[in-house]
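> Dropping in data_39.cif, with mmCIF, C-alpha atoms.
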```cif
data_query
loop_
_atom_site.group_PDB
_atom_site.id
_atom_site.type_symbol
_atom_site.label_atom_id
_atom_site.label_comp_id
_atom_site.auth_asym_id
_atom_site.auth_seq_id
_atom_site.Cartn_x
_atom_site.Cartn_y
_atom_site.Cartn_z
ATOM 1 C CA MET A 1 29.884 -16.886 -115.020
ATOM 2 C CA ALA A 2 26.133 -17.083 -115.611
ATOM 3 C CA LEU A 3 23.352 -17.931 -113.208
ATOM 4 C CA ALA A 4 21.141 -20.898 -113.943
ATOM 5 C CA ALA A 5 18.483 -19.444 -116.229
ATOM 6 C CA THR A 6 16.083 -22.331 -115.682
ATOM 7 C CA LYS A 7 15.953 -21.920 -111.911
ATOM 8 C CA PHE A 8 15.481 -18.167 -111.813
ATOM 9 C CA ALA A 9 13.674 -17.342 -115.040
ATOM 10 C CA SER A 10 12.353 -13.867 -115.783
ATOM 11 C CA THR A 11 8.684 -13.280 -115.134
ATOM 12 C CA PRO A 12 6.396 -12.585 -118.109
ATOM 13 C CA GLU A 13 5.602 -9.151 -116.640
ATOM 14 C CA ALA A 14 5.851 -6.484 -119.340
ATOM 15 C CA PHE A 15 8.094 -3.514 -118.646
ATOM 16 C CA SER A 16 9.149 -0.791 -121.048
ATOM 17 C CA PRO A 17 12.331 -1.613 -123.002
ATOM 18 C CA ALA A 18 13.347 1.999 -122.454
ATOM 19 C CA LEU A 19 13.044 1.515 -118.685
ATOM 20 C CA ILE A 20 15.099 -1.685 -118.802
ATOM 21 C CA ALA A 21 17.786 0.064 -120.854
ATOM 22 C CA ARG A 22 17.853 3.050 -118.500
ATOM 23 C CA ILE A 23 18.280 0.819 -115.451
ATOM 24 C CA ALA A 24 21.046 -1.171 -117.177
ATOM 25 C CA GLU A 25 22.862 2.081 -117.931
ATOM 26 C CA ARG A 26 22.517 3.215 -114.315
ATOM 27 C CA ALA A 27 23.895 -0.138 -113.155
ATOM 28 C CA ARG A 28 26.906 0.197 -115.471
ATOM 29 C CA ASP A 29 27.545 3.716 -114.197
ATOM 30 C CA THR A 30 27.233 2.486 -110.611
ATOM 31 C CA ARG A 31 29.883 -0.157 -111.236
ATOM 32 C CA ALA A 32 32.169 2.365 -112.937
ATOM 33 C CA VAL A 33 32.015 4.836 -110.039
ATOM 34 C CA ALA A 34 32.572 2.019 -107.537
ATOM 35 C CA ILE A 35 35.673 0.803 -109.378
ATOM 36 C CA ALA A 36 37.020 4.345 -109.788
ATOM 37 C CA GLY A 37 36.508 5.089 -106.101
ATOM 38 C CA ILE A 38 38.178 1.877 -104.944
ATOM 39 C CA PHE A 39 41.120 2.459 -107.288
ATOM 40 C CA HIS A 40 41.472 6.076 -106.145
ATOM 41 C CA ALA A 41 41.278 5.063 -102.467
ATOM 42 C CA GLY A 42 43.703 2.200 -102.760
ATOM 43 C CA SER A 43 41.278 0.007 -100.828
ATOM 44 C CA GLY A 44 37.659 -1.015 -100.708
ATOM 45 C CA HIS A 45 35.158 -3.794 -101.384
ATOM 46 C CA PRO A 46 34.668 -4.352 -105.122
ATOM 47 C CA GLY A 47 33.064 -7.807 -105.114
ATOM 48 C CA GLY A 48 29.939 -7.002 -103.123
ATOM 49 C CA SER A 49 29.640 -3.544 -104.660
ATOM 50 C CA LEU A 50 29.474 -4.992 -108.161
ATOM 51 C CA SER A 51 27.095 -7.808 -107.196
ATOM 52 C CA CYS A 52 24.427 -5.408 -105.925
ATOM 53 C CA ALA A 53 24.661 -2.760 -108.682
ATOM 54 C CA ASP A 54 21.655 -4.061 -110.631
ATOM 55 C CA ILE A 55 19.581 -4.163 -107.446
ATOM 56 C CA LEU A 56 20.477 -0.587 -106.524
ATOM 57 C CA ALA A 57 19.896 0.681 -110.048
ATOM 58 C CA THR A 58 16.448 -0.913 -110.198
ATOM 59 C CA LEU A 59 15.492 0.461 -106.800
ATOM 60 C CA TYR A 60 16.614 4.022 -107.432
ATOM 61 C CA ALA A 61 15.623 4.286 -111.101
ATOM 62 C CA ALA A 62 12.208 2.639 -110.881
ATOM 63 C CA GLU A 63 10.994 1.898 -107.359
ATOM 64 C CA LEU A 64 11.949 4.368 -104.643
ATOM 65 C CA ASN A 65 9.798 7.435 -104.161
ATOM 66 C CA ILE A 66 12.698 9.886 -103.828
ATOM 67 C CA ASP A 67 12.672 13.338 -105.419
ATOM 68 C CA ALA A 68 16.170 14.462 -106.408
ATOM 69 C CA ALA A 69 15.076 18.081 -105.872
ATOM 70 C CA ASN A 70 13.909 17.327 -102.328
ATOM 71 C CA PRO A 71 15.474 13.985 -101.331
ATOM 72 C CA MET A 72 14.713 14.315 -97.621
ATOM 73 C CA ASP A 73 10.980 14.953 -97.997
ATOM 74 C CA ALA A 74 9.024 13.168 -95.247
ATOM 75 C CA ALA A 75 7.014 11.230 -97.842
ATOM 76 C CA ARG A 76 10.148 9.633 -99.333
ATOM 77 C CA ASP A 77 10.730 5.901 -99.331
ATOM 78 C CA ARG A 78 13.646 4.901 -97.116
ATOM 79 C CA PHE A 79 16.566 2.792 -98.304
ATOM 80 C CA ILE A 80 19.156 1.328 -95.954
ATOM 81 C CA LEU A 81 22.341 -0.334 -97.146
ATOM 82 C CA SER A 82 22.711 -2.740 -94.251
ATOM 83 C CA LYS A 83 25.739 -4.310 -95.978
ATOM 84 C CA GLY A 84 27.531 -0.998 -95.484
ATOM 85 C CA HIS A 85 30.851 -2.146 -96.975
ATOM 86 C CA ALA A 86 29.185 -1.880 -100.403
ATOM 87 C CA ALA A 87 29.178 1.909 -99.972
ATOM 88 C CA PRO A 88 31.089 2.423 -103.278
ATOM 89 C CA ALA A 89 28.025 1.128 -105.112
ATOM 90 C CA LEU A 90 25.675 3.292 -103.052
ATOM 91 C CA TYR A 91 27.696 6.389 -103.928
ATOM 92 C CA GLY A 92 27.748 5.163 -107.521
ATOM 93 C CA ILE A 93 23.970 4.982 -107.858
ATOM 94 C CA TRP A 94 23.565 8.304 -106.076
ATOM 95 C CA ALA A 95 25.905 9.853 -108.644
ATOM 96 C CA ALA A 96 24.063 8.152 -111.509
ATOM 97 C CA MET A 97 20.738 9.511 -110.219
ATOM 98 C CA GLY A 98 21.953 13.051 -109.605
ATOM 99 C CA LEU A 99 21.752 12.727 -105.820
ATOM 100 C CA MET A 100 25.504 13.182 -105.412
ATOM 101 C CA LYS A 101 28.249 14.688 -107.559
ATOM 102 C CA GLN A 102 30.293 12.037 -109.333
ATOM 103 C CA SER A 103 33.479 13.920 -108.475
ATOM 104 C CA GLU A 104 32.613 13.463 -104.799
ATOM 105 C CA ALA A 105 31.423 9.866 -105.128
ATOM 106 C CA VAL A 106 34.851 8.679 -106.324
ATOM 107 C CA ARG A 107 36.651 10.305 -103.380
ATOM 108 C CA LEU A 108 36.165 7.115 -101.407
ATOM 109 C CA ARG A 109 37.827 6.974 -97.970
ATOM 110 C CA LYS A 110 39.700 10.242 -98.470
ATOM 111 C CA LEU A 111 40.296 12.624 -95.557
ATOM 112 C CA GLY A 112 37.688 15.366 -95.620
ATOM 113 C CA SER A 113 35.433 13.417 -98.006
ATOM 114 C CA ARG A 114 31.849 12.554 -97.173
ATOM 115 C CA ALA A 115 32.215 9.326 -99.177
ATOM 116 C CA GLN A 116 33.674 7.200 -96.423
ATOM 117 C CA GLY A 117 34.167 3.425 -96.520
ATOM 118 C CA HIS A 118 30.782 2.930 -94.849
ATOM 119 C CA PRO A 119 27.817 5.312 -95.134
ATOM 120 C CA HIS A 120 27.760 7.990 -92.433
ATOM 121 C CA VAL A 121 24.377 9.606 -91.870
ATOM 122 C CA LEU A 122 25.750 12.745 -90.197
ATOM 123 C CA ASP A 123 27.658 13.541 -93.391
ATOM 124 C CA MET A 124 25.059 12.148 -95.784
ATOM 125 C CA PRO A 125 21.468 12.234 -94.478
ATOM 126 C CA LEU A 126 20.273 10.320 -97.550
ATOM 127 C CA ALA A 127 22.063 7.281 -96.091
ATOM 128 C CA GLU A 128 19.224 7.247 -93.476
ATOM 129 C CA THR A 129 21.539 5.612 -90.921
ATOM 130 C CA SER A 130 25.210 4.770 -90.534
ATOM 131 C CA THR A 131 25.891 1.137 -91.365
ATOM 132 C CA GLY A 132 28.812 -1.229 -91.213
ATOM 133 C CA SER A 133 28.220 -3.376 -88.129
ATOM 134 C CA LEU A 134 26.402 -6.195 -89.867
ATOM 135 C CA GLY A 135 22.777 -6.718 -88.927
ATOM 136 C CA GLN A 136 22.265 -3.299 -87.389
ATOM 137 C CA GLY A 137 21.038 -1.613 -90.561
ATOM 138 C CA PHE A 138 18.303 -4.228 -90.816
ATOM 139 C CA SER A 139 17.209 -3.497 -87.238
ATOM 140 C CA VAL A 140 17.030 0.229 -88.006
ATOM 141 C CA ALA A 141 14.959 -0.509 -91.118
ATOM 142 C CA ILE A 142 12.460 -2.434 -88.992
ATOM 143 C CA GLY A 143 12.228 0.458 -86.549
ATOM 144 C CA MET A 144 11.672 2.914 -89.398
ATOM 145 C CA ALA A 145 8.929 0.753 -90.909
ATOM 146 C CA LEU A 146 7.147 0.538 -87.568
ATOM 147 C CA GLY A 147 7.559 4.271 -86.987
ATOM 148 C CA LEU A 148 6.193 5.186 -90.408
ATOM 149 C CA ARG A 149 3.145 3.025 -89.812
ATOM 150 C CA LEU A 150 2.512 4.651 -86.434
ATOM 151 C CA GLN A 151 2.720 8.047 -88.146
ATOM 152 C CA LYS A 152 0.318 6.853 -90.864
ATOM 153 C CA ASN A 153 3.003 7.657 -93.428
ATOM 154 C CA ALA A 154 2.595 5.629 -96.623
ATOM 155 C CA ALA A 155 6.339 5.559 -97.355
ATOM 156 C CA ARG A 156 8.025 2.174 -97.668
ATOM 157 C CA VAL A 157 11.340 0.948 -96.274
ATOM 158 C CA TYR A 158 13.836 -1.092 -98.280
ATOM 159 C CA ALA A 159 16.900 -2.773 -96.770
ATOM 160 C CA LEU A 160 19.711 -4.503 -98.667
ATOM 161 C CA LEU A 161 21.493 -7.250 -96.737
ATOM 162 C CA GLY A 162 24.525 -9.325 -97.609
ATOM 163 C CA ASP A 163 24.348 -13.090 -97.401
ATOM 164 C CA GLY A 164 27.287 -13.303 -94.997
ATOM 165 C CA GLU A 165 25.475 -10.668 -92.951
ATOM 166 C CA ILE A 166 22.493 -12.907 -92.349
ATOM 167 C CA GLN A 167 24.671 -15.269 -90.346
ATOM 168 C CA GLU A 168 24.274 -12.646 -87.592
ATOM 169 C CA GLY A 169 21.744 -13.539 -84.898
ATOM 170 C CA GLU A 170 20.464 -9.964 -84.869
ATOM 171 C CA VAL A 171 19.045 -10.503 -88.361
ATOM 172 C CA TRP A 172 16.875 -13.400 -87.245
ATOM 173 C CA GLU A 173 15.656 -11.521 -84.171
ATOM 174 C CA GLY A 174 14.682 -8.739 -86.551
ATOM 175 C CA ALA A 175 12.983 -11.150 -88.920
ATOM 176 C CA MET A 176 10.858 -12.447 -86.057
ATOM 177 C CA CYS A 177 10.022 -8.911 -84.916
ATOM 178 C CA ALA A 178 9.013 -7.637 -88.368
ATOM 179 C CA ALA A 179 6.711 -10.594 -88.962
ATOM 180 C CA HIS A 180 5.152 -10.239 -85.507
ATOM 181 C CA HIS A 181 4.300 -6.593 -86.223
ATOM 182 C CA ARG A 182 3.140 -7.436 -89.768
ATOM 183 C CA LEU A 183 5.320 -4.771 -91.350
ATOM 184 C CA SER A 184 4.012 -4.951 -94.897
ATOM 185 C CA ASN A 185 5.764 -1.628 -95.615
ATOM 186 C CA LEU A 186 9.167 -3.344 -95.268
ATOM 187 C CA CYS A 187 10.978 -4.997 -98.174
ATOM 188 C CA THR A 188 14.281 -6.747 -97.546
ATOM 189 C CA ILE A 189 16.563 -7.754 -100.397
ATOM 190 C CA ILE A 190 19.377 -10.260 -99.912
ATOM 191 C CA ASP A 191 22.391 -9.933 -102.190
ATOM 192 C CA TYR A 192 22.958 -13.682 -102.328
ATOM 193 C CA ASN A 193 26.336 -13.928 -104.059
ATOM 194 C CA LYS A 194 27.392 -17.006 -102.010
ATOM 195 C CA LEU A 195 30.730 -15.498 -100.909
ATOM 196 C CA GLN A 196 31.884 -13.570 -97.860
ATOM 197 C CA SER A 197 35.118 -12.151 -96.549
ATOM 198 C CA ASP A 198 37.173 -15.330 -96.250
ATOM 199 C CA ASP A 199 35.496 -18.039 -98.292
ATOM 200 C CA ARG A 200 32.182 -19.351 -99.563
ATOM 201 C CA ASN A 201 29.195 -19.052 -97.245
ATOM 202 C CA ALA A 202 28.695 -22.810 -97.375
ATOM 203 C CA ASN A 203 32.190 -23.401 -95.964
ATOM 204 C CA ILE A 204 31.822 -20.874 -93.124
ATOM 205 C CA MET A 205 28.192 -21.206 -92.055
ATOM 206 C CA GLY A 206 25.673 -22.644 -94.475
ATOM 207 C CA LEU A 207 22.500 -20.644 -95.107
ATOM 208 C CA GLU A 208 20.282 -23.123 -96.868
ATOM 209 C CA PRO A 209 17.389 -23.769 -96.955
ATOM 210 C CA LEU A 210 17.289 -19.973 -96.969
ATOM 211 C CA ALA A 211 13.849 -19.384 -98.503
ATOM 212 C CA ASP A 212 12.244 -21.886 -96.142
ATOM 213 C CA LYS A 213 13.790 -20.145 -93.136
ATOM 214 C CA TRP A 214 12.279 -16.785 -94.063
ATOM 215 C CA ARG A 215 8.903 -18.400 -94.754
ATOM 216 C CA ALA A 216 9.042 -20.077 -91.348
ATOM 217 C CA PHE A 217 9.515 -16.645 -89.775
ATOM 218 C CA GLY A 218 6.342 -15.433 -91.484
ATOM 219 C CA TRP A 219 7.742 -13.483 -94.433
ATOM 220 C CA HIS A 220 6.535 -13.317 -98.028
ATOM 221 C CA VAL A 221 9.436 -14.798 -99.999
ATOM 222 C CA GLN A 222 10.508 -14.412 -103.620
ATOM 223 C CA GLU A 223 13.620 -15.934 -105.175
ATOM 224 C CA ILE A 224 15.035 -14.371 -108.353
ATOM 225 C CA ASP A 225 18.099 -13.786 -110.501
ATOM 226 C CA GLY A 226 19.432 -10.557 -109.006
ATOM 227 C CA HIS A 227 20.961 -9.448 -112.311
ATOM 228 C CA ASP A 228 17.719 -9.817 -114.273
ATOM 229 C CA ILE A 229 16.218 -6.337 -114.292
ATOM 230 C CA THR A 230 12.799 -7.551 -115.409
ATOM 231 C CA ALA A 231 12.729 -10.058 -112.547
ATOM 232 C CA LEU A 232 13.803 -7.366 -110.086
ATOM 233 C CA LEU A 233 11.077 -4.991 -111.259
ATOM 234 C CA ALA A 234 8.420 -7.683 -111.028
ATOM 235 C CA ALA A 235 9.577 -8.823 -107.581
ATOM 236 C CA LEU A 236 9.522 -5.275 -106.212
ATOM 237 C CA LYS A 237 6.036 -4.778 -107.628
ATOM 238 C CA THR A 238 4.840 -7.962 -105.925
ATOM 239 C CA ALA A 239 6.539 -7.020 -102.653
ATOM 240 C CA ALA A 240 4.493 -3.826 -102.494
ATOM 241 C CA ASP A 241 1.252 -5.813 -102.569
ATOM 242 C CA CYS A 242 1.667 -8.957 -100.505
ATOM 243 C CA GLY A 243 -0.933 -8.542 -97.805
ATOM 244 C CA ASP A 244 0.110 -7.959 -94.204
ATOM 245 C CA GLN A 245 3.511 -9.653 -94.345
ATOM 246 C CA PRO A 246 6.980 -8.160 -94.590
ATOM 247 C CA SER A 247 8.600 -9.170 -97.870
ATOM 248 C CA VAL A 248 12.026 -10.613 -98.641
ATOM 249 C CA ILE A 249 13.553 -10.939 -102.097
ATOM 250 C CA ILE A 250 16.381 -13.464 -102.276
ATOM 251 C CA ALA A 251 18.390 -12.107 -105.205
ATOM 252 C CA HIS A 252 20.879 -14.668 -106.513
ATOM 253 C CA THR A 253 23.883 -12.700 -107.709
ATOM 254 C CA ILE A 254 27.523 -13.110 -108.708
ATOM 255 C CA LYS A 255 30.239 -11.494 -106.628
ATOM 256 C CA GLY A 256 32.204 -9.103 -108.834
ATOM 257 C CA LYS A 257 29.506 -9.132 -111.531
ATOM 258 C CA GLY A 258 30.521 -7.303 -114.706
ATOM 259 C CA VAL A 259 34.290 -7.697 -114.320
ATOM 260 C CA SER A 260 35.240 -11.215 -115.400
ATOM 261 C CA TYR A 261 38.458 -11.560 -113.397
ATOM 262 C CA MET A 262 36.562 -10.683 -110.200
ATOM 263 C CA GLU A 263 33.469 -12.816 -110.750
ATOM 264 C CA ASP A 264 32.891 -15.517 -108.126
ATOM 265 C CA VAL A 265 36.392 -15.083 -106.640
ATOM 266 C CA PRO A 266 36.416 -14.693 -102.811
ATOM 267 C CA GLN A 267 39.648 -12.686 -102.815
ATOM 268 C CA TRP A 268 37.832 -9.729 -104.399
ATOM 269 C CA HIS A 269 35.507 -9.306 -101.427
ATOM 270 C CA GLY A 270 37.477 -6.463 -99.877
ATOM 271 C CA SER A 271 40.716 -5.049 -98.469
ATOM 272 C CA VAL A 272 42.144 -5.024 -101.974
ATOM 273 C CA LYS A 273 44.191 -2.501 -103.922
ATOM 274 C CA LEU A 274 43.489 -2.214 -107.636
ATOM 275 C CA THR A 275 46.394 -1.579 -109.982
ATOM 276 C CA ARG A 276 45.884 0.827 -112.864
ATOM 277 C CA ALA A 277 45.952 -2.122 -115.276
ATOM 278 C CA GLN A 278 43.219 -3.889 -113.286
ATOM 279 C CA ALA A 279 41.125 -0.720 -113.183
ATOM 280 C CA ASP A 280 41.539 -0.272 -116.944
ATOM 281 C CA ASP A 281 40.532 -3.909 -117.510
ATOM 282 C CA ALA A 282 37.467 -3.403 -115.324
ATOM 283 C CA PHE A 283 36.401 -0.336 -117.296
ATOM 284 C CA ALA A 284 36.949 -2.204 -120.565
ATOM 285 C CA ALA A 285 34.723 -5.019 -119.272
ATOM 286 C CA LEU A 286 32.042 -2.408 -118.591
ATOM 287 C CA GLY A 287 32.409 -1.095 -122.149
ATOM 288 C CA LEU A 288 34.069 2.144 -121.053
ATOM 289 C CA PRO A 289 37.432 3.534 -122.234
ATOM 290 C CA ALA A 290 40.269 4.235 -119.828
ATOM 291 C CA THR A 291 39.799 7.937 -120.559
ATOM 292 C CA THR A 292 36.526 7.719 -118.630
ATOM 293 C CA LEU A 293 38.461 6.684 -115.536
ATOM 294 C CA ASP A 294 40.944 9.514 -116.092
ATOM 295 C CA ALA A 295 38.092 12.025 -116.333
ATOM 296 C CA MET A 296 36.531 10.733 -113.101
ATOM 297 C CA LEU A 297 39.820 10.974 -111.223
ATOM 298 C CA GLU A 298 40.606 14.431 -112.582
ATOM 299 C CA GLY A 299 37.292 15.677 -111.222
ATOM 300 C CA ALA A 300 37.905 13.973 -107.885
ATOM 301 C CA MET A 301 41.154 15.854 -107.349
ATOM 302 C CA GLU A 302 39.243 19.134 -107.378
ATOM 303 C CA VAL A 303 36.808 18.244 -104.565
ATOM 304 C CA ARG A 304 37.619 19.376 -101.041
ATOM 305 C CA HIS A 305 35.528 19.255 -97.893
ATOM 306 C CA GLY A 306 36.548 20.869 -94.652
#
```
Could you render the structure as structure tokens?

Amino acid sequence: MALAATKFASTPEAFSPALIARIAERARDTRAVAIAGIFHAGSGHPGGSLSCADILATLYAAELNIDAANPMDAARDRFILSKGHAAPALYGIWAAMGLMKQSEAVRLRKLGSRAQGHPHVLDMPLAETSTGSLGQGFSVAIGMALGLRLQKNAARVYALLGDGEIQEGEVWEGAMCAAHHRLSNLCTIIDYNKLQSDDRNANIMGLEPLADKWRAFGWHVQEIDGHDITALLAALKTAADCGDQPSVIIAHTIKGKGVSYMEDVPQWHGSVKLTRAQADDAFAALGLPATTLDAMLEGAMEVRHG
């Protein structure tokens, strides 16, 4: 399935082809680790992990000020995965960026593993906060942005929200708060894949007109194709220089992006068990041989945490 190219066209902003290629590779690797982890665990949330892979890859490979050698430096940008069930993708991009061992990233939901089904800050400080209860990660991001400003710290805060998540009232309280405090150091990205746990958003609680709602709350709003790396880069660049408003990027995505049998199918949201054949098909769709999956799982068996 393809997004409507005419509605969300790429910007004319020039970015290095090498950068675009590097981000695309990181996104592929993120998807591969997510699939491997969900297969190895026997459960997980593939749909929303795959839909946000391009967003995460663009953030970590080109936007966030995070030093792999010193990832917890006070000057770092903060990223919060408010849609915490997409943790397989977060571990995937961390592995792709050298912030986490791949062998550990695929040990999703295993006893003794730090790679639990939702990010846990006490095990993984880079997660910034534990997330899973929808809406709460966004509130923490707002608090961090306000705190950084009070400390005169130039770091920025980025929060990734799911579209089903923004049906929570806490999100709209937060949106009002961030605009009131003019938190221009806060950038929120919505993974707008139009599906949630049980059905399509529109059938459960419609979100439109979504852009108008955020504008009415006083936010700078951009609407893009969330799989277009050039558009993502340009939107993030604009978000960093939009006056005294918090910024929201509505990224139109496809649930299950990159694996055709999962794309735009609500049943692949979560609580699913991948068969080996399905995992192999997913890796083939990503252009990777089944031996890559075998190698990932072989490494995972060797990792133990007490």
> Determine, counting all atoms listed in the file, which protein, DNA and RNA residues have an atom within 8 Å of an atom of stretch 288-302 of chain A; residues of the same chain fewer than 2 positions away are not included. Present the result as number ranges by chain.
A: 36, 40, 102-104, 106-107, 280, 283-286, 304
> If the PyMOL selection byres ((chain A and resi 139-151) around 12) were run on this exact file, what residues would it hold? Put them as a VMD selection string.
chain A and resid 74 to 82 127 to 131 133 to 138 152 to 161 166 168 to 189 246 to 247
> Check the smallest atom-to-atom distance from each of A:Ala61, A:Ala235, A:Leu195, A:Ala115 to A:Lys101 using only C-alpha atoms, then report the winner.
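Closest to A:Lys101, using only C-alpha atoms: A:Ala115.
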> Just the number, please: distance in Å from atom CA of A:Ala282 to atom CA of A:Arg31, one decimal.
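Interatomic distance here is 9.2 Å.
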> Which is closer to A:Phe15 than all the others in A:Ile93, A:Ala68, A:Ala27, A:Ile229, using all atoms listed in the file?
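Once distances to A:Phe15 are computed over all atoms listed in the file, the minimum belongs to A:Ile229.
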> Could you please determine the separation between atom CA of A:Gly48 and atom CA of A:Tyr91 in Å, to one decimal place?
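Going from atom CA of A:Gly48 over to atom CA of A:Tyr91 covers 13.6 Å.
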> What's the 9 Å shell around A:Gln267, counting only C-alpha atoms, without same-chain residues fewer than 6 positions away, as a PDB file with C-alpha atoms, keeping the file's coordinate frame?

```pdb
ATOM      1  CA  GLY A  47      33.064  -7.807-105.114  1.00  0.00           C
ATOM      2  CA  SER A 197      35.118 -12.151 -96.549  1.00  0.00           C
ATOM      3  CA  ASP A 198      37.173 -15.330 -96.250  1.00  0.00           C
ATOM      4  CA  ASP A 199      35.496 -18.039 -98.292  1.00  0.00           C
TER       5      ASP A 199
END
```
> Evaluate the PyMOL selection byres ((chain A and resi 224) around 7) and record the selected residues as a PyMOL selection string, following the chain and residue labels used in the document.
chain A and resi 8+222-223+225-226+231+250-252
> Between atom CA of A:Gly164 and atom CA of A:Asn203, what is the distance in Å, rounded to a tenth?
11.3 Å
> Looking at only C-alpha atoms, which of A:Pro125, A:Gly256, A:Gly243, A:Pro209 is the one that sits closest to A:Asp73?
A:Pro125
> Of the candidates A:Gln245, A:Asn201, A:Gln196, A:Asn70, which one gets nearest to A:Leu99 if we count only C-alpha atoms?
A:Asn70
> Hey, what comes out of the PyMOL selection byres ((chain A and resi 260) around 10) on this file? Could you write it as a PyMOL selection string?
chain A and resi 1+256-259+261-265+281-282+285-286
> Go ahead and write the residues just picked, C-alpha atoms, as a PDB file, in the frame of the given file.

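Output file out_34.pdb follows:
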```pdb
ATOM      1  CA  MET A   1      29.884 -16.886-115.020  1.00  0.00           C
ATOM      2  CA  GLY A 256      32.204  -9.103-108.834  1.00  0.00           C
ATOM      3  CA  LYS A 257      29.506  -9.132-111.531  1.00  0.00           C
ATOM      4  CA  GLY A 258      30.521  -7.303-114.706  1.00  0.00           C
ATOM      5  CA  VAL A 259      34.290  -7.697-114.320  1.00  0.00           C
ATOM      6  CA  TYR A 261      38.458 -11.560-113.397  1.00  0.00           C
ATOM      7  CA  MET A 262      36.562 -10.683-110.200  1.00  0.00           C
ATOM      8  CA  GLU A 263      33.469 -12.816-110.750  1.00  0.00           C
ATOM      9  CA  ASP A 264      32.891 -15.517-108.126  1.00  0.00           C
ATOM     10  CA  VAL A 265      36.392 -15.083-106.640  1.00  0.00           C
ATOM     11  CA  ASP A 281      40.532  -3.909-117.510  1.00  0.00           C
ATOM     12  CA  ALA A 282      37.467  -3.403-115.324  1.00  0.00           C
ATOM     13  CA  ALA A 285      34.723  -5.019-119.272  1.00  0.00           C
ATOM     14  CA  LEU A 286      32.042  -2.408-118.591  1.00  0.00           C
TER      15      LEU A 286
END
```
> Put the listed atoms of stretch 116-124 of chain A in a box along x, y and z with 4 Å added on every side and give me the centre and edge lengths in Å to one decimal, as JSON.

```
{"center_x": 29.3, "center_y": 8.2, "center_z": -93.4, "size_x": 17.8, "size_y": 18.6, "size_z": 14.3}
```
